[in-house]
Each structure stands twice: as structure tokens, then as C-alpha cells.
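Single-structure report; data block below.
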Amino acid sequence: MLDRLAQRIHDEVYRRFYDYKTTVFLCGAGSKSINSVRQQIDYELTTRWFSYQYDMFYPEDLFSELLYGPGSHDLMTLENILADSVDVIVLTIESYGAVAELGTFANIPKLRKKLVCVVDKQYKKQKSFINYGPLRLIRSTKEGQIIYGDYKNVTSIMGKIRRSISIAKKERSKIINVNNVVQAHHFVLPSIYLLQPVLRETLIELVHYASNTDIQTSTALTSGALSILNRKREIELTPDGYKLTATGMKHFETLGRRSRTISLYKTDIMDKLRIGIINWKYRGKPLKV
């Protein structure tokens, strides 16, 4: 039964969603930095009328889980996973960590092509390792985008950032199925909606059927998805299993939207399936998937 349910969730929700969104991997200052340029770009891309175009993702969501979680990966594997999972990497040079990330991303062709580097304009002509090293490499290879702008007025450069994201996206080569570690949480979210409360083991099984991967890989994909949803405060773990929070319900309701008025799937289809699952779980009625 779970194999058919996994296929239904994939067909009715996931496959209608993943292809049109631009997946942005947003790097820069650490998450504890208040009012960083990274945070301001995140705000601009997720609160304006065009917010439905973007699916934002952060290093702490991916690397902490895959480095230290079940079936941990080495850094080289993570870099390949990143290259296969996102459309664009937006990097703001505002911390030592960001400088290190720039050096790494600029030296890997698959990542360099997807890179949009946002640099404070006051350092444009400065003699520095950043200008003579990774930024020069990006220019010489004509791969990736470099934007110089006023860090004190991020709004003024958002037009350039959005245009550069569109250009970088043309190099897209991301995996467009549940195997994509970044996208898997968009499959797990409706799965929780339908089955809540639901055990982690059941979610792993659903991901296993939807991704056609082995259990170890499915476990890693599910763990990453739950980590992302937990960081976004869209799920909660109860004694009976995972449930959506109010924030998670709002995300589910807008998951397939291209705009405020156009949706790629009808929520009533999922609502009917949810009712059928409730009748199956608690009333013993046959489940028609």
C-alpha cells in the first residue's frame, strides 16, 4: 500500500512542484549574525511578489545533517551532492567562512557555473587574495556571476541579483526527483500531512519507494528532509509521530503555487486522500490510493 501511496504523493504534489522553482543555495555570514547581507537577500527573495519563484536553502540545513547524521558523507561527496541538487549558489563575502566557500566553489567547475558572488563595492579595486584569486578565476573562465554592490543598501542590488540568478540557472543540471537531497523535504511534507501523526520509519519507507533508492540512502534523504522541516519549524515530533505545525500547514497549502492565484495542484485531491487515510487508520475501511 505504501508503494502506491508514495507514487500518488509524487504524482499529485511533488512532480508538479519541483521543476519550476529555482533552488537557491544561500551562503554568507553565519546564521547567528544579525541583519547580515545574506539575511537581507533571503528576506528580499522570500517576501516579495516573486517569492514563489524561489526555493531557498542554507548550508547549515545540508552539511550538518549529511556530515554528522546517519550514513555520514565526506566533504568531496557533499560538494558533488550540492552540484547536483541546486540551480544557483548565491554567496555574499561577509565572513571568513564565506571566503573559504568562495575558494572552494570557484575551483570546482560544476559549482562555479552556478555561482552568483555578491561583493561589497568598496573592495572592488582592492589588491587582495579574493580579487586576484577566486574572483579572477571566475572572470577568466567566464563561468559564474560577480556582482559589486552597496552592502548598506541591499535592496538597490536585488535587480542585479535576480538577473544573475536567471543567467546562472541556465547552467542547471540539478537532479529533479526525490533523490535530490535538497528537494526531498517537499515530498516528506505532504507525506506528513496525509499520515500525521506518522513515524519516521514510515516516512523512510515512502521515500524509499518514491526515490527508488536503497534503505541507507532513503534514510539519509529522510533525515535531511526532517532536519530542514524542523529548522523551518514546520513539523513537530509528538509521542505518536511527526505532525505539521501551523507554519507547516501554511507551507503545504502554498507548495504548488506559481503566484498568489495560480496553483499547480488542487489541495482538495490531497484532502480527500487524507480523509480516506483517516478512515483506513481508525475505522478499518479499505484505502483506495
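Labeling convention for the C-alpha cells: chains A, B, ... as they appear, residues from 1 per chain, ligands from 1 in order of appearance.
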**Request:** Show which residues sit within 9 Å of Arg38 in chain A, as a ChimeraX atom specification. Count only C-alpha atoms, and ignore same-chain residues fewer than 6 positions away.
**Result:** /A:26-31,90-92,94
Residue selection dump (C-alpha atoms) as a PDB file, in the first residue's frame:
```
ATOM      1  CA  LEU A  26      22.361  30.936   0.015  1.00  0.00           C
ATOM      2  CA  CYS A  27      25.744  31.291   1.699  1.00  0.00           C
ATOM      3  CA  GLY A  28      27.468  34.089   3.597  1.00  0.00           C
ATOM      4  CA  ALA A  29      27.516  35.156   7.216  1.00  0.00           C
ATOM      5  CA  GLY A  30      26.644  32.626   9.900  1.00  0.00           C
ATOM      6  CA  SER A  31      23.036  32.131  10.944  1.00  0.00           C
ATOM      7  CA  VAL A  90      24.391  32.868  -4.057  1.00  0.00           C
ATOM      8  CA  LEU A  91      27.417  33.769  -1.938  1.00  0.00           C
ATOM      9  CA  THR A  92      27.903  37.019  -0.001  1.00  0.00           C
ATOM     10  CA  GLU A  94      30.987  38.885   4.579  1.00  0.00           C
TER      11      GLU A  94
END
```
Using only C-alpha atoms, determine which residues lie at most 8 Å from range 179-189 of chain A, disregarding the query and same-chain residues fewer than 5 positions distant; provide the list as a PDB file with N, CA and C atoms, in the first residue's frame.
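Written file, around-v1.pdb:
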```
ATOM      1  N   ILE A   9       1.565  10.563  -3.986  1.00  0.00           N
ATOM      2  CA  ILE A   9       2.089  11.828  -3.458  1.00  0.00           C
ATOM      3  C   ILE A   9       3.055  12.442  -4.459  1.00  0.00           C
ATOM      4  N   HIS A  10       3.888  11.617  -5.037  1.00  0.00           N
ATOM      5  CA  HIS A  10       4.862  12.096  -6.023  1.00  0.00           C
ATOM      6  C   HIS A  10       4.155  12.715  -7.226  1.00  0.00           C
ATOM      7  N   VAL A  13       1.621  15.961  -6.080  1.00  0.00           N
ATOM      8  CA  VAL A  13       2.207  17.148  -5.464  1.00  0.00           C
ATOM      9  C   VAL A  13       3.633  17.380  -5.930  1.00  0.00           C
ATOM     10  N   TYR A  14       4.502  16.419  -5.675  1.00  0.00           N
ATOM     11  CA  TYR A  14       5.933  16.658  -5.844  1.00  0.00           C
ATOM     12  C   TYR A  14       6.327  16.982  -7.285  1.00  0.00           C
ATOM     13  N   TYR A  18       8.539  20.551  -8.246  1.00  0.00           N
ATOM     14  CA  TYR A  18       9.997  20.692  -8.224  1.00  0.00           C
ATOM     15  C   TYR A  18      10.585  21.384  -9.446  1.00  0.00           C
ATOM     16  N   PHE A  57      17.618  27.669   0.399  1.00  0.00           N
ATOM     17  CA  PHE A  57      18.249  26.581   1.115  1.00  0.00           C
ATOM     18  C   PHE A  57      19.576  27.076   1.682  1.00  0.00           C
ATOM     19  N   LEU A  62      21.976  21.509   5.081  1.00  0.00           N
ATOM     20  CA  LEU A  62      22.505  20.355   4.344  1.00  0.00           C
ATOM     21  C   LEU A  62      23.697  19.721   5.030  1.00  0.00           C
ATOM     22  N   ILE A  81      27.134  16.359  -4.211  1.00  0.00           N
ATOM     23  CA  ILE A  81      25.709  16.391  -3.906  1.00  0.00           C
ATOM     24  C   ILE A  81      25.160  17.791  -4.127  1.00  0.00           C
ATOM     25  N   ASP A  84      24.700  18.707  -7.758  1.00  0.00           N
ATOM     26  CA  ASP A  84      23.586  18.007  -8.393  1.00  0.00           C
ATOM     27  C   ASP A  84      22.224  18.422  -7.848  1.00  0.00           C
ATOM     28  N   SER A  85      22.207  19.209  -6.757  1.00  0.00           N
ATOM     29  CA  SER A  85      20.956  19.440  -6.042  1.00  0.00           C
ATOM     30  C   SER A  85      20.376  20.841  -6.186  1.00  0.00           C
ATOM     31  N   VAL A  86      21.172  21.825  -6.597  1.00  0.00           N
ATOM     32  CA  VAL A  86      20.676  23.203  -6.637  1.00  0.00           C
ATOM     33  C   VAL A  86      20.838  23.807  -8.024  1.00  0.00           C
ATOM     34  N   LYS A 174      20.571  20.148 -12.062  1.00  0.00           N
ATOM     35  CA  LYS A 174      20.204  19.517 -10.802  1.00  0.00           C
ATOM     36  C   LYS A 174      19.352  18.271 -11.048  1.00  0.00           C
ATOM     37  N   LEU A 203       8.007   7.205   7.033  1.00  0.00           N
ATOM     38  CA  LEU A 203       8.469   8.212   6.079  1.00  0.00           C
ATOM     39  C   LEU A 203       9.654   7.702   5.271  1.00  0.00           C
ATOM     40  N   VAL A 207       9.817   7.406   1.198  1.00  0.00           N
ATOM     41  CA  VAL A 207      10.924   7.970   0.416  1.00  0.00           C
ATOM     42  C   VAL A 207      11.624   6.864  -0.364  1.00  0.00           C
ATOM     43  N   SER A 211      11.843   7.363  -4.310  1.00  0.00           N
ATOM     44  CA  SER A 211      13.168   7.670  -4.859  1.00  0.00           C
ATOM     45  C   SER A 211      13.821   6.467  -5.529  1.00  0.00           C
ATOM     46  N   THR A 213      15.573   4.182  -4.162  1.00  0.00           N
ATOM     47  CA  THR A 213      16.922   4.038  -3.628  1.00  0.00           C
ATOM     48  C   THR A 213      16.928   2.978  -2.530  1.00  0.00           C
ATOM     49  N   LEU A 221      18.143  10.648   3.010  1.00  0.00           N
ATOM     50  CA  LEU A 221      17.257  11.625   2.389  1.00  0.00           C
ATOM     51  C   LEU A 221      16.164  12.070   3.365  1.00  0.00           C
ATOM     52  N   THR A 222      15.586  11.109   4.074  1.00  0.00           N
ATOM     53  CA  THR A 222      14.522  11.415   5.029  1.00  0.00           C
ATOM     54  C   THR A 222      15.057  12.218   6.202  1.00  0.00           C
ATOM     55  N   GLY A 224      17.646  14.213   6.225  1.00  0.00           N
ATOM     56  CA  GLY A 224      17.898  15.570   5.748  1.00  0.00           C
ATOM     57  C   GLY A 224      16.614  16.366   5.619  1.00  0.00           C
ATOM     58  N   ALA A 225      15.577  15.727   5.091  1.00  0.00           N
ATOM     59  CA  ALA A 225      14.285  16.402   4.911  1.00  0.00           C
ATOM     60  C   ALA A 225      13.692  16.807   6.261  1.00  0.00           C
ATOM     61  N   LEU A 226      13.741  15.916   7.229  1.00  0.00           N
ATOM     62  CA  LEU A 226      13.200  16.207   8.560  1.00  0.00           C
ATOM     63  C   LEU A 226      14.005  17.315   9.235  1.00  0.00           C
ATOM     64  N   ILE A 228      15.543  19.802   7.698  1.00  0.00           N
ATOM     65  CA  ILE A 228      15.139  21.058   7.062  1.00  0.00           C
ATOM     66  C   ILE A 228      13.787  21.520   7.595  1.00  0.00           C
ATOM     67  N   LEU A 229      12.820  20.616   7.624  1.00  0.00           N
ATOM     68  CA  LEU A 229      11.478  20.969   8.086  1.00  0.00           C
ATOM     69  C   LEU A 229      11.481  21.371   9.553  1.00  0.00           C
ATOM     70  N   LEU A 244       2.447  18.239  11.316  1.00  0.00           N
ATOM     71  CA  LEU A 244       2.727  19.576  10.819  1.00  0.00           C
ATOM     72  C   LEU A 244       2.336  20.620  11.856  1.00  0.00           C
ATOM     73  N   GLY A 248       3.888  24.713   9.037  1.00  0.00           N
ATOM     74  CA  GLY A 248       3.963  23.621   8.069  1.00  0.00           C
ATOM     75  C   GLY A 248       2.710  23.513   7.225  1.00  0.00           C
ATOM     76  N   PHE A 252       2.430  23.801   3.205  1.00  0.00           N
ATOM     77  CA  PHE A 252       1.768  22.787   2.382  1.00  0.00           C
ATOM     78  C   PHE A 252       0.728  23.421   1.459  1.00  0.00           C
ATOM     79  N   LEU A 255       2.490  25.115  -1.436  1.00  0.00           N
ATOM     80  CA  LEU A 255       3.594  24.365  -2.021  1.00  0.00           C
ATOM     81  C   LEU A 255       3.609  24.404  -3.541  1.00  0.00           C
TER      82      LEU A 255
END
```
**Asked** To one decimal place, how far is CA of Lys110 in chain A from CA of Val178 in chain A in Å?
**Response**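 Interatomic distance here is 20.8 Å.
Every residue of range 86-151 of chain A with a DSSP assignment of alpha helix (DSSP H), taken from the backbone, is listed as Tyr96, Gly97, Ala98, Val99, Ala100, Glu101, Leu102, Gly103, Thr104, Phe105, Ala106, Pro109, Lys110, Leu111, Arg112, Phe129, Ile130, Asn131, Tyr132, Pro134, Leu135, Arg136, Leu137, Ile138, Arg139, Ser140 and Thr141 of chain A.
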**Request:** Mind checking which residues fall within 12 Å of Arg136 in chain A, counting only C-alpha atoms, ignoring those fewer than 5 positions away in the same chain, and posting them as a PyMOL selection string?
**Result:** chain A and resi 102-103+106-107+124+127-131+141-146
**Request:** May I have all residues of range 29-257 of chain A that DSSP, computed from the backbone, assigns to strand (DSSP E), given as a PyMOL selection string?
**Result:** chain A and resi 54-57+88-92+115-120+145-149+235-238+241-244
**Asked** Hey, can you check how far CA of Val116 in chain A sits from CA of Gly159 in chain A?
**Response**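 Separation of CA of Val116 in chain A and CA of Gly159 in chain A: 13.0 Å.
Computed from the coordinates, the CA of Arg233 in chain A to CA of Ile34 in chain A distance equals 19.3 Å.
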**Request:** Would you list the contacts of range 193-201 of chain A as a PyMOL selection string, taking every protein, DNA or RNA residue within 10 Å and counting only C-alpha atoms, but skipping same-chain residues closer than 2 positions in sequence?
**Result:** chain A and resi 5+9+188-191+203-207+219+222-223+226+235-245+248-249+252+270-278+281
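If you count only C-alpha atoms and ignore residues fewer than 3 places along the chain from Lys114 in chain A, what sits within 10 Å of it is Val24, Phe25, Ala83, Val86, Asp87, Val88, Ile89, Val90, Phe105, Ala106, Pro109, Lys110, Leu111, Cys117, Glu143, Gly144, Gln145, Ser164, Ile165, Ile167, Ala168, Lys169, Lys170, Glu171, Arg172 and Ser173 of chain A.
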With N, CA and C atoms retained, write the just-selected residues as a PDB file, in the first residue's frame.
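out36.pdb was written with the following content:
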```
ATOM      1  N   VAL A  24      17.824  27.922  -4.655  1.00  0.00           N
ATOM      2  CA  VAL A  24      18.948  28.816  -4.341  1.00  0.00           C
ATOM      3  C   VAL A  24      19.634  28.348  -3.062  1.00  0.00           C
ATOM      4  N   PHE A  25      20.932  28.099  -3.161  1.00  0.00           N
ATOM      5  CA  PHE A  25      21.754  27.755  -2.007  1.00  0.00           C
ATOM      6  C   PHE A  25      22.406  29.053  -1.553  1.00  0.00           C
ATOM      7  N   ALA A  83      26.345  20.160  -6.090  1.00  0.00           N
ATOM      8  CA  ALA A  83      26.336  20.480  -7.524  1.00  0.00           C
ATOM      9  C   ALA A  83      25.135  19.861  -8.221  1.00  0.00           C
ATOM     10  N   VAL A  86      21.172  21.825  -6.597  1.00  0.00           N
ATOM     11  CA  VAL A  86      20.676  23.203  -6.637  1.00  0.00           C
ATOM     12  C   VAL A  86      20.838  23.807  -8.024  1.00  0.00           C
ATOM     13  N   ASP A  87      20.071  24.867  -8.271  1.00  0.00           N
ATOM     14  CA  ASP A  87      20.204  25.613  -9.526  1.00  0.00           C
ATOM     15  C   ASP A  87      21.302  26.659  -9.430  1.00  0.00           C
ATOM     16  N   VAL A  88      21.336  27.360  -8.296  1.00  0.00           N
ATOM     17  CA  VAL A  88      22.208  28.524  -8.149  1.00  0.00           C
ATOM     18  C   VAL A  88      22.780  28.571  -6.739  1.00  0.00           C
ATOM     19  N   ILE A  89      24.047  29.016  -6.629  1.00  0.00           N
ATOM     20  CA  ILE A  89      24.662  29.291  -5.331  1.00  0.00           C
ATOM     21  C   ILE A  89      24.869  30.796  -5.236  1.00  0.00           C
ATOM     22  N   VAL A  90      24.191  31.440  -4.302  1.00  0.00           N
ATOM     23  CA  VAL A  90      24.391  32.868  -4.057  1.00  0.00           C
ATOM     24  C   VAL A  90      25.285  33.007  -2.828  1.00  0.00           C
ATOM     25  N   PHE A 105      34.140  26.829  -4.089  1.00  0.00           N
ATOM     26  CA  PHE A 105      33.175  26.847  -5.182  1.00  0.00           C
ATOM     27  C   PHE A 105      33.822  27.287  -6.502  1.00  0.00           C
ATOM     28  N   ALA A 106      34.717  28.268  -6.427  1.00  0.00           N
ATOM     29  CA  ALA A 106      35.335  28.794  -7.647  1.00  0.00           C
ATOM     30  C   ALA A 106      36.243  27.768  -8.310  1.00  0.00           C
ATOM     31  N   PRO A 109      34.441  23.315 -11.292  1.00  0.00           N
ATOM     32  CA  PRO A 109      33.689  23.800 -12.467  1.00  0.00           C
ATOM     33  C   PRO A 109      32.176  23.659 -12.349  1.00  0.00           C
ATOM     34  N   LYS A 110      31.687  22.527 -11.851  1.00  0.00           N
ATOM     35  CA  LYS A 110      30.244  22.308 -11.761  1.00  0.00           C
ATOM     36  C   LYS A 110      29.585  23.309 -10.819  1.00  0.00           C
ATOM     37  N   LEU A 111      30.328  23.727  -9.783  1.00  0.00           N
ATOM     38  CA  LEU A 111      29.796  24.698  -8.836  1.00  0.00           C
ATOM     39  C   LEU A 111      30.023  26.126  -9.314  1.00  0.00           C
ATOM     40  N   CYS A 117      28.243  35.568  -7.018  1.00  0.00           N
ATOM     41  CA  CYS A 117      29.045  36.101  -5.924  1.00  0.00           C
ATOM     42  C   CYS A 117      28.733  37.581  -5.719  1.00  0.00           C
ATOM     43  N   GLU A 143      32.677  31.829 -16.213  1.00  0.00           N
ATOM     44  CA  GLU A 143      31.695  30.954 -15.576  1.00  0.00           C
ATOM     45  C   GLU A 143      31.348  31.553 -14.218  1.00  0.00           C
ATOM     46  N   GLY A 144      30.066  31.646 -13.918  1.00  0.00           N
ATOM     47  CA  GLY A 144      29.652  32.281 -12.688  1.00  0.00           C
ATOM     48  C   GLY A 144      29.435  33.779 -12.878  1.00  0.00           C
ATOM     49  N   GLN A 145      28.812  34.399 -11.885  1.00  0.00           N
ATOM     50  CA  GLN A 145      28.466  35.813 -11.947  1.00  0.00           C
ATOM     51  C   GLN A 145      29.061  36.541 -10.740  1.00  0.00           C
ATOM     52  N   SER A 164      21.152  37.842 -12.333  1.00  0.00           N
ATOM     53  CA  SER A 164      22.294  36.917 -12.301  1.00  0.00           C
ATOM     54  C   SER A 164      21.844  35.508 -11.954  1.00  0.00           C
ATOM     55  N   ILE A 165      20.858  35.379 -11.068  1.00  0.00           N
ATOM     56  CA  ILE A 165      20.298  34.066 -10.737  1.00  0.00           C
ATOM     57  C   ILE A 165      19.698  33.431 -11.988  1.00  0.00           C
ATOM     58  N   ILE A 167      20.535  33.993 -15.105  1.00  0.00           N
ATOM     59  CA  ILE A 167      21.621  33.611 -16.012  1.00  0.00           C
ATOM     60  C   ILE A 167      22.285  32.324 -15.546  1.00  0.00           C
ATOM     61  N   ALA A 168      22.590  32.256 -14.235  1.00  0.00           N
ATOM     62  CA  ALA A 168      23.248  31.067 -13.692  1.00  0.00           C
ATOM     63  C   ALA A 168      22.360  29.835 -13.809  1.00  0.00           C
ATOM     64  N   LYS A 169      21.058  30.034 -13.704  1.00  0.00           N
ATOM     65  CA  LYS A 169      20.143  28.900 -13.765  1.00  0.00           C
ATOM     66  C   LYS A 169      20.165  28.210 -15.125  1.00  0.00           C
ATOM     67  N   LYS A 170      20.564  28.935 -16.162  1.00  0.00           N
ATOM     68  CA  LYS A 170      20.627  28.334 -17.497  1.00  0.00           C
ATOM     69  C   LYS A 170      21.623  27.187 -17.546  1.00  0.00           C
ATOM     70  N   GLU A 171      22.544  27.155 -16.567  1.00  0.00           N
ATOM     71  CA  GLU A 171      23.517  26.071 -16.493  1.00  0.00           C
ATOM     72  C   GLU A 171      22.978  24.894 -15.679  1.00  0.00           C
ATOM     73  N   ARG A 172      21.684  24.913 -15.411  1.00  0.00           N
ATOM     74  CA  ARG A 172      21.094  23.954 -14.477  1.00  0.00           C
ATOM     75  C   ARG A 172      21.356  22.515 -14.881  1.00  0.00           C
ATOM     76  N   SER A 173      21.684  21.732 -13.900  1.00  0.00           N
ATOM     77  CA  SER A 173      21.881  20.298 -14.105  1.00  0.00           C
ATOM     78  C   SER A 173      21.487  19.548 -12.844  1.00  0.00           C
TER      79      SER A 173
END
```
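The shortest atom-to-atom distance to Asp120 in chain A, with only C-alpha atoms taken into account, belongs to A:Lys152 out of A:Lys232, A:Lys160, A:Lys250, A:Lys152.
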